[in-house]
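One structure is given below, encoded as structure tokens.
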Amino acid sequence: MATLLLNVMGSFAQFERELIKERQREGIAIAKKNGVYKGRKPSLTPEQAAELRKRVAAGEKKAVVARDFNISRETLYQYLRA
């Protein structure tokens, strides 16, 4: 009897969790539609990004350029890929 009761309670908990996740997905979709989820602001302005690309193309070390712009090397590589 205890095992049956435990299984029933687990099933209700799982069902409730699925309902919560579904409501969360709906809320996120509505927020995106309303423009609330815009993402993170870029670290650099377009002018700074152009300067960054120019300095790297000139042969300057990437670590030095990243340090000068106060960004990580990974962020620098993302700007170079874009």
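Residues are referred to by chain and number: the chain letter is A, B, ... according to the order shown in the structure tokens, the number counts from 1 in that chain, and ligands are numbered separately from 1 in the order shown.
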
**Request:** Report as a PyMOL selection string: the residues of chain A with a DSSP assignment of helix (DSSP H, G or I), based on the backbone of this structure.
**Result:** chain A and resi 2-33+46-57+62-69+73-81

**Computed interatomic separation between CA of Lys62 in chain A and CA of Leu80 in chain A (Å)** =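 These atoms are spaced 10.4 Å apart.
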
12 Å contact set for Val56 in chain A, only C-alpha atoms, chain neighbours under 3 positions out, as a CSV table (one decimal) with C-alpha atoms, in the first residue's frame:
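Result written to around.csv:
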```csv
chain,number,residue,atom,x,y,z
A,49,ALA,CA,34.5,46.5,-33.1
A,50,ALA,CA,35.8,48.0,-36.4
A,51,GLU,CA,38.9,49.3,-34.5
A,52,LEU,CA,39.4,45.9,-32.9
A,53,ARG,CA,39.3,44.1,-36.3
A,59,GLY,CA,49.1,41.8,-36.6
A,60,GLU,CA,48.7,43.0,-33.0
A,61,LYS,CA,48.5,40.3,-30.4
A,62,LYS,CA,44.9,39.3,-29.6
A,63,ALA,CA,45.4,39.2,-25.8
A,64,VAL,CA,46.7,42.8,-25.9
A,65,VAL,CA,43.8,44.0,-28.0
A,66,ALA,CA,41.3,42.2,-25.7
A,73,ARG,CA,39.7,36.8,-25.6
A,76,LEU,CA,37.3,39.2,-29.1
A,77,TYR,CA,37.1,36.0,-31.2
A,79,TYR,CA,33.7,39.9,-32.8
A,80,LEU,CA,36.2,38.6,-35.3
```
